[in-house]
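S.K.: The structure file work.tsv (TSV, C-alpha atoms (C1' of nucleotides)) is provided below.
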```tsv
chain	number	residue	atom	x	y	z
V	1382	MET	CA	0.00	0.00	0.00
V	1383	GLU	CA	1.29	3.43	-0.95
V	1384	ASN	CA	1.52	6.35	1.37
V	1385	GLU	CA	-1.89	7.72	2.25
V	1386	GLU	CA	-0.55	11.26	2.35
V	1387	TYR	CA	0.77	10.92	-1.16
V	1388	MET	CA	-2.70	10.02	-2.51
V	1389	LYS	CA	-4.18	13.02	-0.76
V	1390	ASN	CA	-1.64	15.30	-2.35
V	1391	VAL	CA	-2.31	13.94	-5.82
V	1392	LEU	CA	-6.03	14.48	-5.33
V	1393	LYS	CA	-5.50	18.01	-4.05
V	1394	LEU	CA	-3.17	18.83	-6.92
V	1395	HIS	CA	-5.98	17.86	-9.28
V	1396	LYS	CA	-8.46	19.99	-7.34
V	1397	LEU	CA	-10.48	17.05	-6.13
V	1398	ARG	CA	-11.85	16.69	-2.63
V	1399	VAL	CA	-10.12	14.02	-0.59
V	1400	THR	CA	-12.45	11.10	0.19
V	1401	ASP	CA	-11.84	7.52	1.26
V	1402	CYS	CA	-13.12	6.17	-2.02
V	1403	ARG	CA	-10.90	8.38	-4.13
V	1404	SER	CA	-7.80	7.72	-2.03
V	1405	ASN	CA	-8.30	3.98	-2.14
V	1406	VAL	CA	-9.10	3.83	-5.83
V	1407	LEU	CA	-6.09	5.99	-6.64
V	1408	GLY	CA	-3.89	3.77	-4.49
V	1409	PHE	CA	-5.19	0.70	-6.29
V	1410	PHE	CA	-4.26	2.23	-9.65
V	1411	MET	CA	-0.81	3.20	-8.35
V	1412	ASN	CA	-0.11	-0.29	-7.09
V	1413	ASN	CA	-1.28	-1.89	-10.32
V	1414	LYS	CA	0.89	-1.98	-13.36
V	1415	THR	CA	-2.11	-2.69	-15.56
V	1416	ALA	CA	-5.13	-0.76	-16.72
V	1417	LEU	CA	-8.29	-1.28	-14.69
V	1418	SER	CA	-12.00	-1.41	-15.40
V	1419	GLN	CA	-15.11	-0.53	-13.43
V	1420	GLY	CA	-15.49	-4.26	-12.80
V	1421	ASP	CA	-12.01	-4.47	-11.29
V	1422	LEU	CA	-12.91	-1.68	-8.89
V	1423	GLU	CA	-16.20	-3.31	-7.94
V	1424	GLY	CA	-14.32	-6.50	-7.12
V	1425	GLN	CA	-11.72	-4.69	-5.05
V	1426	PHE	CA	-14.03	-2.26	-3.27
V	1427	PRO	CA	-17.37	-3.89	-2.43
V	1428	GLN	CA	-17.82	-1.29	0.30
V	1429	TYR	CA	-18.44	1.44	-2.26
V	1430	ASP	CA	-21.52	1.71	-4.44
V	1431	ARG	CA	-21.13	0.94	-8.15
V	1432	VAL	CA	-22.30	4.42	-8.98
V	1433	THR	CA	-19.73	5.97	-6.70
V	1434	LEU	CA	-17.01	4.00	-8.43
V	1435	TYR	CA	-18.28	5.15	-11.84
V	1436	ARG	CA	-18.23	8.72	-10.62
V	1437	THR	CA	-14.78	8.29	-9.14
V	1438	LEU	CA	-13.49	7.08	-12.50
V	1439	ASN	CA	-15.15	10.00	-14.25
V	1440	SER	CA	-13.77	12.57	-11.84
V	1441	PHE	CA	-10.30	11.08	-12.37
V	1442	LEU	CA	-10.82	11.23	-16.13
V	1443	ASP	CA	-11.99	14.83	-16.01
V	1444	SER	CA	-9.17	15.95	-13.79
V	1445	GLY	CA	-6.49	14.24	-15.81
V	1446	ILE	CA	-5.52	11.53	-13.33
V	1447	LEU	CA	-6.68	8.75	-15.63
V	1448	HIS	CA	-7.05	8.26	-19.36
V	1449	LYS	CA	-9.44	5.95	-21.16
V	1450	ILE	CA	-7.87	3.24	-23.26
V	1451	PRO	CA	-9.47	2.41	-26.63
V	1452	ASN	CA	-10.25	-1.24	-27.20
V	1453	SER	CA	-12.22	-3.57	-29.40
V	1454	GLN	CA	-15.36	-3.30	-27.35
V	1455	GLY	CA	-16.62	-4.66	-24.14
V	1456	VAL	CA	-15.64	-2.86	-21.00
V	1457	ALA	CA	-13.91	0.47	-20.66
V	1458	THR	CA	-10.44	0.39	-19.16
V	1459	TYR	CA	-8.49	3.20	-17.60
V	1460	GLY	CA	-4.83	3.87	-17.04
V	1461	LEU	CA	-2.92	6.32	-14.86
V	1462	CYS	CA	-1.70	9.44	-16.56
V	1463	HIS	CA	2.00	9.69	-15.93
V	1464	GLU	CA	2.55	12.76	-18.04
V	1465	THR	CA	1.01	15.99	-16.87
V	1466	CYS	CA	-2.53	16.10	-18.20
V	1467	SER	CA	-5.21	18.73	-17.89
V	1468	PRO	CA	-8.92	17.98	-18.26
V	1469	ASP	CA	-9.14	19.09	-21.88
V	1470	HIS	CA	-5.63	18.35	-22.96
V	1471	HIS	CA	-4.54	14.80	-22.38
V	1472	LYS	CA	-1.17	13.82	-23.74
V	1473	HIS	CA	-0.86	10.09	-24.12
V	1474	ASN	CA	1.66	9.36	-26.72
V	1475	HIS	CA	2.53	5.98	-25.27
V	1476	ILE	CA	1.53	2.64	-26.75
V	1477	HIS	CA	-1.11	0.46	-25.08
V	1478	PHE	CA	-0.54	-3.26	-25.01
V	1479	LYS	CA	-3.19	-5.91	-24.55
V	1480	CYS	CA	-2.06	-9.45	-23.79
V	1481	ASN	CA	-4.25	-12.04	-25.49
V	1482	GLU	CA	-3.31	-14.64	-22.87
V	1483	CYS	CA	-3.87	-12.95	-19.52
V	1484	GLY	CA	-6.14	-10.23	-20.91
V	1485	GLN	CA	-4.29	-7.49	-19.09
V	1486	ILE	CA	-3.86	-4.08	-20.63
V	1487	GLN	CA	-0.72	-2.11	-19.95
V	1488	CYS	CA	0.49	1.37	-20.66
V	1489	LEU	CA	3.93	1.08	-22.24
V	1490	ASP	CA	4.94	4.45	-20.87
V	1491	ASP	CA	8.33	4.49	-22.52
V	1492	LYS	CA	7.11	3.36	-25.94
V	1493	ILE	CA	6.17	6.37	-28.00
V	1494	VAL	CA	3.39	6.18	-30.60
V	1495	PRO	CA	4.96	6.67	-34.05
V	1496	VAL	CA	3.82	9.45	-36.35
V	1497	ALA	CA	0.56	8.81	-38.22
V	1498	SER	CA	-0.13	9.75	-41.80
V	1499	VAL	CA	-3.58	10.94	-42.90
V	1500	PRO	CA	-5.00	12.21	-46.23
V	1501	GLU	CA	-4.70	15.80	-47.43
V	1502	GLY	CA	-7.09	18.09	-45.61
V	1503	TYR	CA	-7.46	15.90	-42.53
V	1504	ARG	CA	-6.46	17.32	-39.15
V	1505	ILE	CA	-5.02	15.11	-36.42
V	1506	GLU	CA	-6.08	15.80	-32.83
V	1507	ALA	CA	-5.08	12.57	-31.12
V	1508	VAL	CA	-3.44	9.30	-32.02
V	1509	ASN	CA	-3.87	6.00	-30.25
V	1510	MET	CA	-1.93	2.84	-30.87
V	1511	ILE	CA	-3.10	-0.44	-29.39
V	1512	VAL	CA	-0.91	-3.49	-29.75
V	1513	ASP	CA	-2.34	-6.95	-29.19
V	1514	GLY	CA	-0.08	-9.89	-28.52
V	1515	VAL	CA	1.52	-11.81	-25.69
V	1516	CYS	CA	3.30	-10.16	-22.79
V	1517	ALA	CA	6.61	-11.31	-21.33
V	1518	ASN	CA	4.90	-13.08	-18.42
V	1519	CYS	CA	2.68	-15.20	-20.66
V	1520	ALA	CA	5.17	-15.88	-23.46
X	658	MET	CA	-26.98	-0.51	-55.27
X	659	GLU	CA	-24.28	-3.03	-56.08
X	660	ASN	CA	-24.76	-6.15	-58.09
X	661	GLU	CA	-26.76	-8.74	-56.20
X	662	GLU	CA	-24.76	-11.55	-57.75
X	663	TYR	CA	-21.56	-10.02	-56.50
X	664	MET	CA	-22.79	-10.06	-52.91
X	665	LYS	CA	-23.75	-13.70	-53.24
X	666	ASN	CA	-20.32	-14.58	-54.50
X	667	VAL	CA	-18.62	-12.80	-51.65
X	668	LEU	CA	-20.80	-14.66	-49.15
X	669	LYS	CA	-20.13	-18.01	-50.83
X	670	LEU	CA	-16.41	-17.34	-50.93
X	671	HIS	CA	-16.53	-16.87	-47.17
X	672	LYS	CA	-18.53	-20.07	-46.76
X	673	LEU	CA	-21.66	-18.32	-45.58
X	674	ARG	CA	-25.17	-19.19	-46.65
X	675	VAL	CA	-26.76	-16.62	-48.89
X	676	THR	CA	-29.69	-14.89	-47.22
X	677	ASP	CA	-31.52	-11.63	-47.91
X	678	CYS	CA	-30.27	-10.11	-44.70
X	679	ARG	CA	-26.64	-10.94	-45.36
X	680	SER	CA	-26.78	-9.76	-48.98
X	681	ASN	CA	-28.38	-6.47	-48.04
X	682	VAL	CA	-26.11	-5.78	-45.11
X	683	LEU	CA	-23.06	-6.59	-47.19
X	684	GLY	CA	-24.31	-4.27	-49.93
X	685	PHE	CA	-24.81	-1.51	-47.40
X	686	PHE	CA	-21.23	-1.86	-46.23
X	687	MET	CA	-19.95	-1.87	-49.81
X	688	ASN	CA	-21.83	1.30	-50.67
X	689	ASN	CA	-20.65	3.08	-47.54
X	690	LYS	CA	-17.25	4.60	-47.28
X	691	THR	CA	-17.49	4.73	-43.48
X	692	ALA	CA	-17.52	2.17	-40.74
X	693	LEU	CA	-20.97	1.14	-39.52
X	694	SER	CA	-22.51	0.18	-36.21
X	695	GLN	CA	-25.34	-2.10	-35.17
X	696	GLY	CA	-27.46	1.03	-34.78
X	697	ASP	CA	-26.75	2.07	-38.36
X	698	LEU	CA	-27.97	-1.31	-39.55
X	699	GLU	CA	-31.11	-1.13	-37.39
X	700	GLY	CA	-31.91	2.23	-38.95
X	701	GLN	CA	-31.34	1.00	-42.45
X	702	PHE	CA	-33.01	-2.40	-42.12
X	703	PRO	CA	-36.07	-2.20	-39.87
X	704	GLN	CA	-37.37	-5.33	-41.59
X	705	TYR	CA	-34.76	-7.48	-39.83
X	706	ASP	CA	-34.74	-8.28	-36.16
X	707	ARG	CA	-32.04	-6.59	-34.07
X	708	VAL	CA	-30.73	-9.98	-33.05
X	709	THR	CA	-30.45	-11.09	-36.66
X	710	LEU	CA	-28.42	-8.00	-37.42
X	711	TYR	CA	-26.13	-8.73	-34.47
X	712	ARG	CA	-25.68	-12.26	-35.73
X	713	THR	CA	-25.06	-11.04	-39.24
X	714	LEU	CA	-22.30	-8.77	-37.98
X	715	ASN	CA	-20.79	-11.61	-36.00
X	716	SER	CA	-20.86	-14.04	-38.91
X	717	PHE	CA	-19.15	-11.41	-41.05
X	718	LEU	CA	-16.56	-10.89	-38.33
X	719	ASP	CA	-15.92	-14.61	-37.97
X	720	SER	CA	-15.60	-15.19	-41.68
X	721	GLY	CA	-13.28	-12.27	-42.25
X	722	ILE	CA	-15.65	-10.01	-44.20
X	723	LEU	CA	-15.62	-7.33	-41.51
X	724	HIS	CA	-13.21	-6.20	-38.83
X	725	LYS	CA	-14.05	-4.52	-35.56
X	726	ILE	CA	-12.65	-1.06	-35.04
X	727	PRO	CA	-11.31	-0.19	-31.59
X	728	ASN	CA	-12.63	3.01	-30.03
X	729	SER	CA	-12.80	4.85	-26.75
X	730	GLN	CA	-16.00	3.17	-25.76
X	731	GLY	CA	-19.55	3.52	-26.79
X	732	VAL	CA	-20.84	1.50	-29.70
X	733	ALA	CA	-18.93	-1.06	-31.70
X	734	THR	CA	-18.19	-0.16	-35.31
X	735	TYR	CA	-17.22	-2.41	-38.14
X	736	GLY	CA	-15.39	-1.91	-41.40
X	737	LEU	CA	-15.07	-4.00	-44.55
X	738	CYS	CA	-11.94	-6.06	-44.87
X	739	HIS	CA	-10.34	-5.12	-48.14
X	740	GLU	CA	-7.31	-7.30	-47.70
X	741	THR	CA	-7.80	-11.02	-47.67
X	742	CYS	CA	-8.68	-12.06	-44.15
X	743	SER	CA	-9.37	-15.44	-42.66
X	744	PRO	CA	-11.37	-15.94	-39.45
X	745	ASP	CA	-8.36	-16.24	-37.21
X	746	HIS	CA	-5.94	-14.14	-39.14
X	747	HIS	CA	-7.12	-10.63	-39.81
X	748	LYS	CA	-4.66	-8.30	-41.44
X	749	HIS	CA	-5.61	-4.71	-40.93
X	750	ASN	CA	-2.58	-2.64	-41.19
X	751	HIS	CA	-4.48	0.47	-42.22
X	752	ILE	CA	-5.14	3.45	-40.00
X	753	HIS	CA	-8.65	4.16	-38.66
X	754	PHE	CA	-9.77	7.75	-38.55
X	755	LYS	CA	-12.56	9.14	-36.40
X	756	CYS	CA	-13.83	12.63	-37.19
X	757	ASN	CA	-14.71	14.52	-34.04
X	758	GLU	CA	-17.14	16.74	-35.99
X	759	CYS	CA	-19.31	14.35	-37.97
X	760	GLY	CA	-18.53	11.32	-35.84
X	761	GLN	CA	-17.85	9.12	-38.83
X	762	ILE	CA	-15.18	6.48	-38.70
X	763	GLN	CA	-13.23	5.64	-41.82
X	764	CYS	CA	-10.74	3.01	-42.81
X	765	LEU	CA	-7.81	4.81	-44.39
X	766	ASP	CA	-7.01	1.84	-46.55
X	767	ASP	CA	-3.95	3.36	-48.12
X	768	LYS	CA	-2.45	4.63	-44.87
X	769	ILE	CA	-0.26	1.98	-43.37
X	770	VAL	CA	0.12	1.64	-39.61
X	771	PRO	CA	3.74	2.42	-38.70
X	772	VAL	CA	5.87	-0.12	-36.89
X	773	ALA	CA	5.23	-0.45	-33.15
X	774	SER	CA	7.90	-0.95	-30.55
X	775	VAL	CA	7.28	-3.16	-27.50
X	776	PRO	CA	9.49	-4.29	-24.59
X	777	GLU	CA	11.84	-7.28	-24.74
X	778	GLY	CA	9.99	-10.57	-24.54
X	779	TYR	CA	6.66	-9.21	-25.78
X	780	ARG	CA	5.17	-10.69	-28.94
X	781	ILE	CA	3.09	-8.57	-31.32
X	782	GLU	CA	0.06	-10.19	-32.94
X	783	ALA	CA	-1.85	-7.15	-34.16
X	784	VAL	CA	-1.46	-3.42	-34.18
X	785	ASN	CA	-4.25	-0.88	-34.32
X	786	MET	CA	-3.84	2.82	-34.84
X	787	ILE	CA	-6.80	5.12	-34.31
X	788	VAL	CA	-6.48	8.74	-35.24
X	789	ASP	CA	-8.98	11.28	-33.93
X	790	GLY	CA	-9.35	14.64	-35.59
X	791	VAL	CA	-11.32	16.43	-38.29
X	792	CYS	CA	-11.91	15.00	-41.74
X	793	ALA	CA	-11.61	16.95	-44.98
X	794	ASN	CA	-15.39	17.39	-45.25
X	795	CYS	CA	-15.71	18.96	-41.82
X	796	ALA	CA	-12.51	21.01	-41.79
D	831	DT	C1'	-36.71	-31.78	-58.77
D	832	DA	C1'	-37.88	-33.33	-54.11
D	833	DT	C1'	-36.29	-33.68	-49.51
D	834	DA	C1'	-33.43	-34.14	-45.23
D	835	DT	C1'	-30.85	-31.39	-42.35
D	836	DA	C1'	-28.06	-27.98	-40.67
D	837	DA	C1'	-28.19	-23.17	-40.41
D	838	DA	C1'	-30.63	-18.68	-40.12
D	839	DT	C1'	-34.36	-16.03	-38.36
D	840	DG	C1'	-37.70	-13.82	-35.11
D	841	DC	C1'	-39.35	-13.18	-30.68
D	842	DA	C1'	-39.08	-12.98	-25.71
D	843	DA	C1'	-36.37	-12.73	-21.94
D	844	DT	C1'	-32.09	-11.79	-19.76
D	845	DT	C1'	-27.49	-9.91	-18.83
D	846	DT	C1'	-24.19	-6.30	-18.58
D	847	DA	C1'	-22.51	-1.53	-18.82
D	848	DG	C1'	-23.42	2.81	-17.84
D	849	DT	C1'	-26.56	6.93	-16.42
D	850	DT	C1'	-29.86	9.90	-13.82
D	851	DG	C1'	-32.47	11.88	-9.92
D	852	DC	C1'	-32.78	12.70	-5.32
D	853	DA	C1'	-32.18	12.59	-0.33
D	854	DT	C1'	-28.41	12.25	2.94
D	855	DT	C1'	-23.78	12.78	4.39
D	856	DT	C1'	-19.27	14.84	4.32
D	857	DA	C1'	-15.08	17.79	3.03
D	858	DT	C1'	-13.46	22.11	3.26
D	859	DA	C1'	-13.32	27.25	2.99
D	860	DT	C1'	-14.40	30.94	5.94
N	1046	DA	C1'	-17.76	26.14	14.51
N	1047	DT	C1'	-20.46	26.29	10.60
N	1048	DA	C1'	-22.36	27.19	5.87
N	1049	DT	C1'	-22.28	25.21	1.55
N	1050	DA	C1'	-20.92	22.89	-2.29
N	1051	DA	C1'	-19.60	18.40	-3.41
N	1052	DA	C1'	-19.67	13.32	-2.72
N	1053	DT	C1'	-22.20	9.28	-1.60
N	1054	DG	C1'	-25.81	5.61	-1.61
N	1055	DC	C1'	-29.92	3.92	-3.27
N	1056	DA	C1'	-33.46	3.09	-6.65
N	1057	DA	C1'	-34.78	3.37	-11.08
N	1058	DC	C1'	-33.74	3.62	-15.77
N	1059	DT	C1'	-31.49	3.36	-20.55
N	1060	DA	C1'	-28.76	1.19	-23.96
N	1061	DA	C1'	-25.95	-2.54	-25.84
N	1062	DA	C1'	-25.46	-7.10	-26.39
N	1063	DT	C1'	-26.52	-12.13	-25.49
N	1064	DT	C1'	-29.17	-16.49	-24.93
N	1065	DG	C1'	-32.83	-19.99	-25.57
N	1066	DC	C1'	-36.12	-21.83	-28.32
N	1067	DA	C1'	-39.56	-22.58	-31.86
N	1068	DT	C1'	-40.06	-21.74	-36.75
N	1069	DT	C1'	-38.41	-21.03	-41.30
N	1070	DT	C1'	-35.12	-21.41	-45.00
N	1071	DA	C1'	-30.79	-22.47	-47.81
N	1072	DT	C1'	-28.51	-25.99	-49.79
N	1073	DA	C1'	-26.34	-30.63	-50.44
N	1074	DT	C1'	-27.55	-34.89	-52.32
N	1075	DA	C1'	-30.40	-38.43	-53.69
```
Do you think you could lay out the structure here as structure tokens?
M.R.:
Amino acid sequence: MENEEYMKNVLKLHKLRVTDCRSNVLGFFMNNKTALSQGDLEGQFPQYDRVTLYRTLNSFLDSGILHKIPNSQGVATYGLCHETCSPDHHKHNHIHFKCNECGQIQCLDDKIVPVASVPEGYRIEAVNMIVDGVCANCA
Amino acid sequence: MENEEYMKNVLKLHKLRVTDCRSNVLGFFMNNKTALSQGDLEGQFPQYDRVTLYRTLNSFLDSGILHKIPNSQGVATYGLCHETCSPDHHKHNHIHFKCNECGQIQCLDDKIVPVASVPEGYRIEAVNMIVDGVCANCA
DNA sequence: TATATAAATGCAATTTAGTTGCATTTATAT
DNA sequence: ATATAAATGCAACTAAATTGCATTTATATA
């Protein structure tokens, strides 16, 4: 378990009120190397209402603590923002990796998304790269 | 409207039985430059049951006629496979573009996904690149 | 061309993910 | 210490997708 004070500071820095739910959820993300879903939170924190967990995720999204990871449908997954993100300007130029064996989704924070090419007249606002395969643990 | 015979041949080539629903849905995809969702099909084909449309999409996915396009949640969208795909080996090395104005999702068939880099010991099986921005029509 | 059969369809019901409204509780600025 | 704006819990609801089953249909083959 990470330092409780540290969680509080992160929340305050993002202008969020400090509550038990937020501190614990943030700590869970910090101690996890993988992306997490609403379902993961429900499993970990039965003491909090589903709706509260949804709203916690959304407040973290809005404040730039988490980013949503695109996938091929199903459940939404979220990853910690390691770069400095503001609500309306997320910068996630790292690659996301989904292991087809264990199902876990990771942010490859040190793997930069390569430059994308689009047709004449198109404007790029964000680029996401999702790699599917087998992680080192499962290989 | 495309040639009815052509649709039938495509279905037969993918070892699918030829039905009205499948021919019409396939034709709709062929005449559309953009990716389509279940909802798009329901709007276009009120004569078919929702469940039938779901199953049509899934049979097209399984047989390699369509591929699923990753997104940041919401509804699933599907695009025609232009390369030759088999059920378990889809090759979609083109970039997907989502316009934030009109909401349409396109397969940029001639824009190749650049090479991804992953950590030591990771194996790559598929790479998806999704670009968000504004298309030429909306710019 | 007729027919057996495996597959596709339609309908009802269910599951799962996510959202909304509202009363109550709580964090925090003063 | 307290006013108040925000967070929580609960119930109800919406939307997306799935499952089971009876009926219909495509198609292989006799």
S.K.: Which residues are close to Ser1498 in chain V, i.e. within 10 Å by only C-alpha atoms (C1' of nucleotides), leaving aside same-chain residues fewer than 2 positions away? Reply as a compact mmCIF listing (two decimals) with C-alpha atoms, in the frame of the given file.
M.R.:
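Done, and the output landed in out-v2.txt:
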```
# COMPACT_ATOMS: atom_id res chain seq x y z
CA PRO V 1495 4.96 6.67 -34.05
CA VAL V 1496 3.82 9.45 -36.35
CA PRO V 1500 -5.00 12.21 -46.23
CA GLU V 1501 -4.70 15.80 -47.43
CA TYR V 1503 -7.46 15.90 -42.53
CA ILE V 1505 -5.02 15.11 -36.42
CA ILE X 752 -5.14 3.45 -40.00
CA LEU X 765 -7.81 4.81 -44.39
CA ASP X 767 -3.95 3.36 -48.12
CA LYS X 768 -2.45 4.63 -44.87
CA ILE X 769 -0.26 1.98 -43.37
CA VAL X 770 0.12 1.64 -39.61
CA PRO X 771 3.74 2.42 -38.70
CA VAL X 788 -6.48 8.74 -35.24
```
S.K.: Quick one: which residues from chain N are at most 8 Å off chain V, using all atoms listed in the file, as a list in words?
M.R.: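 That gives DA1051, DT1053 and DG1054 of chain N for chain N.
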S.K.: Please produce, as JSON lines, a per-residue contact table for chain D versus chain V (criterion: any atom at most 10 Å away, all atoms listed in the file considered), showing the nearest atom pair and its distance in Å to one decimal, sorted by chain then residue number.
M.R.:
```
{"residue": "D:DT846", "atom": "C1'", "partner": "V:Val1456", "partner_atom": "CA", "distance": 9.5}
{"residue": "D:DA847", "atom": "C1'", "partner": "V:Val1456", "partner_atom": "CA", "distance": 7.3}
{"residue": "D:DG848", "atom": "C1'", "partner": "V:Tyr1435", "partner_atom": "CA", "distance": 8.2}
{"residue": "D:DT849", "atom": "C1'", "partner": "V:Val1432", "partner_atom": "CA", "distance": 8.9}
{"residue": "D:DT856", "atom": "C1'", "partner": "V:Thr1400", "partner_atom": "CA", "distance": 8.8}
{"residue": "D:DA857", "atom": "C1'", "partner": "V:Arg1398", "partner_atom": "CA", "distance": 6.6}
{"residue": "D:DT858", "atom": "C1'", "partner": "V:Arg1398", "partner_atom": "CA", "distance": 8.2}
```
S.K.: Starting from chain X, keep only residues with some atom at most 6 Å from an atom of chain V, counting all atoms listed in the file, and report them as a PyMOL selection string.
M.R.: chain X and resi 727-729+778-793
S.K.: Using all atoms of range 1059-1063 of chain N listed in the file and a margin of 5 Å per side, can you give the axis-aligned box centre and edge lengths in Å to one decimal, as JSON?
M.R.:
```
{"center_x": -28.5, "center_y": -4.4, "center_z": -23.5, "size_x": 16.0, "size_y": 25.5, "size_z": 15.8}
```
S.K.: Quick one: distance from C1' of DA1067 in chain N to CA of Glu699 in chain X in Å, one decimal?
M.R.: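 These atoms are spaced 23.7 Å apart.
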S.K.: Would you mind listing what lies within 12 Å of DC1066 in chain N as a PyMOL selection string, with all atoms listed in the file counted and same-chain residues fewer than 4 positions away left out?
M.R.: chain D and resi 839-843
S.K.: By how many Å are CA of His739 in chain X and C1' of DA1061 in chain N apart?
M.R.: 27.3 Å
S.K.: Tell me which of V:Lys1396, V:Gly1424, V:Lys1414, V:Gln1485 sits closest to Asp1443 in chain V, counting only C-alpha atoms.
M.R.: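 Of V:Lys1396, V:Gly1424, V:Lys1414, V:Gln1485, the one nearest Asp1443 in chain V, counting only C-alpha atoms, is V:Lys1396.
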S.K.: Please report the interatomic distance between C1' of DA1075 in chain N and CA of Asn666 in chain X in Å with one decimal.
M.R.: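 For C1' of DA1075 in chain N relative to CA of Asn666 in chain X, the distance reads 25.9 Å.
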S.K.: If I put a ball of radius 10 Å at (-30.1, 6.6, -9.6) in the file's coordinates, which residues poke into it when counting all atoms listed in the file, written as a list of chain:residue names?
M.R.: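 Within 10 Å of (-30.1, 6.6, -9.6), the protein and nucleic acid residues are V:Val1432, D:DT849, D:DT850, D:DG851, D:DC852, N:DG1054, N:DC1055, N:DA1056, N:DA1057, N:DC1058.
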S.K.: May I have the residues within 10 Å of Met687 in chain X as a list in words, using only C-alpha atoms (C1' of nucleotides) and disregarding those fewer than 2 positions away in the same chain?
M.R.: Met658, Glu659, Met664, Asn681, Val682, Leu683, Gly684, Phe685, Asn689, Lys690, Thr691, Gly736 and Leu737 of chain X
